[in-house]
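Asker: There's a structure below that I have some questions on.
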Amino acid sequence: MHSVEINQRTPPHPFKRALLAACLPLLLASCCGSVPSTITQAPVIKPKSASQAALHVIGVYQGQLPENADKRPWWAQCQAAQEAAGKGEPMTPQACQSFFNAGRDQRTIRVNVSDESTPIILGLMSYEAVTWEIKTAPGVVIEKVILAGYHQQRIQGVGDAQVDVYSYDNSPCDRCVQKGRYFYAYERVPVEMEVAAGVRATSFQGNYTGGTYQIFKGMQ
């Protein structure tokens, strides 16, 4: 009868087992890990309780046109002007551009602030050019304004409050200081806004087309 030889592997040495356990997570991470984040350092944001100021954020894509404004698309206004002038040749893109800019420059957003219980930081964002008209009740303190967006942003009614600007187009005003790269959102509070303010947002209001907003005591 032939004997059958059974090969038995010698159990790994305890040191080898420990080394394998330590290296296995690193090997898996190197072959199966996710794409590294582009953020090299987590933003430092104070908890709401660490600051006396409340950050109230409003985000829109565009402001609202006045009641008496021509609300047709700019190209329709251009075509109507051409027909009224009786011109046979189509207007040049440069000529039509004036209708586009006129509609953009008329857009406004009104913000009524009545919360006098704590200093206010206003975080205002719009992709399109807009004039932010701020109306404050007696006793309201606007500590700072963060003005963000792509096109030019204007603001009225914040007195001598500091205005930090994060827009692509230049947004000049008496107290406006360009602080960094542009950003905007109307569906959520972007982290850039809270980093710029240094506190978490107390409230957020967002719409594609903004009209009139209220900021009052106790809102969230």
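Every chain in the structure tokens has a letter given in the order shown (A, B, ...), and although residue numbers restart at 1 in each chain, ligands are simply numbered from 1 in the order shown.
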For Ala185 in chain A, work out the shell of residues within 9 Å, counting only C-alpha atoms and skipping chain neighbours fewer than 3 positions away, then give it as an mmCIF file with N, CA, C and O atoms, in the first residue's frame.

Answerer:
data_model
loop_
_atom_site.group_PDB
_atom_site.id
_atom_site.type_symbol
_atom_site.label_atom_id
_atom_site.label_comp_id
_atom_site.auth_asym_id
_atom_site.auth_seq_id
_atom_site.Cartn_x
_atom_site.Cartn_y
_atom_site.Cartn_z
ATOM 1 N N ILE A 58 -29.086 84.808 2.352
ATOM 2 C CA ILE A 58 -30.090 84.837 1.287
ATOM 3 C C ILE A 58 -29.367 84.558 -0.023
ATOM 4 O O ILE A 58 -28.371 85.209 -0.346
ATOM 5 N N GLY A 59 -29.878 83.592 -0.793
ATOM 6 C CA GLY A 59 -29.266 83.251 -2.066
ATOM 7 C C GLY A 59 -30.293 83.201 -3.182
ATOM 8 O O GLY A 59 -31.377 82.641 -3.008
ATOM 9 N N VAL A 60 -29.974 83.789 -4.329
ATOM 10 C CA VAL A 60 -30.856 83.786 -5.493
ATOM 11 C C VAL A 60 -30.004 83.616 -6.753
ATOM 12 O O VAL A 60 -28.785 83.786 -6.718
ATOM 13 N N TYR A 61 -30.669 83.274 -7.846
ATOM 14 C CA TYR A 61 -29.991 83.307 -9.131
ATOM 15 C C TYR A 61 -30.076 84.709 -9.726
ATOM 16 O O TYR A 61 -29.115 85.208 -10.288
ATOM 17 N N MET A 125 -26.196 86.560 -1.769
ATOM 18 C CA MET A 125 -25.609 85.929 -2.960
ATOM 19 C C MET A 125 -26.563 86.003 -4.146
ATOM 20 O O MET A 125 -27.763 85.760 -3.994
ATOM 21 N N SER A 126 -26.021 86.307 -5.317
ATOM 22 C CA SER A 126 -26.798 86.287 -6.562
ATOM 23 C C SER A 126 -25.853 86.048 -7.727
ATOM 24 O O SER A 126 -24.765 86.634 -7.786
ATOM 25 N N TYR A 127 -26.288 85.186 -8.655
ATOM 26 C CA TYR A 127 -25.473 84.990 -9.854
ATOM 27 C C TYR A 127 -25.542 86.226 -10.753
ATOM 28 O O TYR A 127 -24.522 86.757 -11.180
ATOM 29 N N GLY A 149 -21.337 86.566 -5.501
ATOM 30 C CA GLY A 149 -22.045 86.324 -6.748
ATOM 31 C C GLY A 149 -21.094 86.306 -7.923
ATOM 32 O O GLY A 149 -19.877 86.419 -7.760
ATOM 33 N N ARG A 188 -28.743 76.153 -1.002
ATOM 34 C CA ARG A 188 -28.141 75.796 0.281
ATOM 35 C C ARG A 188 -27.148 76.884 0.678
ATOM 36 O O ARG A 188 -26.856 77.792 -0.109
ATOM 37 N N VAL A 189 -26.622 76.765 1.879
ATOM 38 C CA VAL A 189 -25.567 77.677 2.335
ATOM 39 C C VAL A 189 -24.222 77.066 1.943
ATOM 40 O O VAL A 189 -23.868 75.990 2.441
ATOM 41 N N PRO A 190 -23.461 77.683 1.056
ATOM 42 C CA PRO A 190 -22.153 77.122 0.709
ATOM 43 C C PRO A 190 -21.180 77.283 1.866
ATOM 44 O O PRO A 190 -21.272 78.235 2.648
ATOM 45 N N GLY A 206 -33.685 80.898 0.074
ATOM 46 C CA GLY A 206 -33.176 80.822 -1.283
ATOM 47 C C GLY A 206 -34.276 80.655 -2.313
ATOM 48 O O GLY A 206 -35.250 79.946 -2.074
#

Asker: Let's see if you can do this: from backbone DSSP, list all strand (DSSP E or B) residues in range 101-132 of chain A, as a list in words.

Answerer: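 Secondary structure check on range 101-132 of chain A, strand (DSSP E or B): Thr108, Ile109, Arg110, Val111, Asn112, Val113, Ile120, Ile121, Leu122, Gly123, Leu124, Met125, Ser126, Val130, Thr131 and Trp132 of chain A.
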
Asker: Which distance in Å separates CA of Val57 in chain A and CA of Val158 in chain A, to one decimal?

Answerer: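 So the two atoms, CA of Val57 in chain A and CA of Val158 in chain A, lie 15.3 Å apart.
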
Asker: Find the spatial neighbours of Leu147 in chain A, counting only C-alpha atoms, within a cut-off of 10 Å - ignore same-chain residues fewer than 2 positions away - and output them as a ChimeraX atom specification.

Answerer: /A:122-126,132,144-145,149,152-155,163-167,171,176-179,182-184,193

Asker: List as number ranges by chain the protein and nucleic acid residues near Ile215 in chain A, meaning an atom at most 9 Å away when only C-alpha atoms are counted, but skip any in the same chain fewer than 4 places from it.

Answerer: A: 56, 111-115, 203, 219

Asker: Using N, CA and C atoms, can you export the residues from the last selection as an mmCIF file, in the first residue's frame?

Answerer:
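What landed in result.cif:
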data_model
loop_
_atom_site.group_PDB
_atom_site.id
_atom_site.type_symbol
_atom_site.label_atom_id
_atom_site.label_comp_id
_atom_site.auth_asym_id
_atom_site.auth_seq_id
_atom_site.Cartn_x
_atom_site.Cartn_y
_atom_site.Cartn_z
ATOM 1 N N HIS A 56 -27.297 85.516 8.737
ATOM 2 C CA HIS A 56 -28.523 85.257 7.983
ATOM 3 C C HIS A 56 -28.185 85.312 6.496
ATOM 4 N N VAL A 111 -34.536 93.530 1.436
ATOM 5 C CA VAL A 111 -34.373 92.755 2.667
ATOM 6 C C VAL A 111 -34.740 93.642 3.848
ATOM 7 N N ASN A 112 -35.794 93.260 4.561
ATOM 8 C CA ASN A 112 -36.230 93.995 5.751
ATOM 9 C C ASN A 112 -35.700 93.277 6.986
ATOM 10 N N VAL A 113 -34.895 93.983 7.771
ATOM 11 C CA VAL A 113 -34.270 93.393 8.952
ATOM 12 C C VAL A 113 -34.867 94.032 10.201
ATOM 13 N N SER A 114 -35.490 93.204 11.053
ATOM 14 C CA SER A 114 -36.119 93.729 12.267
ATOM 15 C C SER A 114 -35.566 93.106 13.551
ATOM 16 N N ASP A 115 -34.622 92.172 13.437
ATOM 17 C CA ASP A 115 -34.059 91.514 14.621
ATOM 18 C C ASP A 115 -33.009 92.413 15.262
ATOM 19 N N SER A 203 -29.873 81.266 9.625
ATOM 20 C CA SER A 203 -31.023 81.055 8.749
ATOM 21 C C SER A 203 -30.577 81.109 7.299
ATOM 22 N N MET A 219 -35.918 83.643 13.962
ATOM 23 C CA MET A 219 -36.008 82.848 12.741
ATOM 24 C C MET A 219 -34.808 81.899 12.644
#
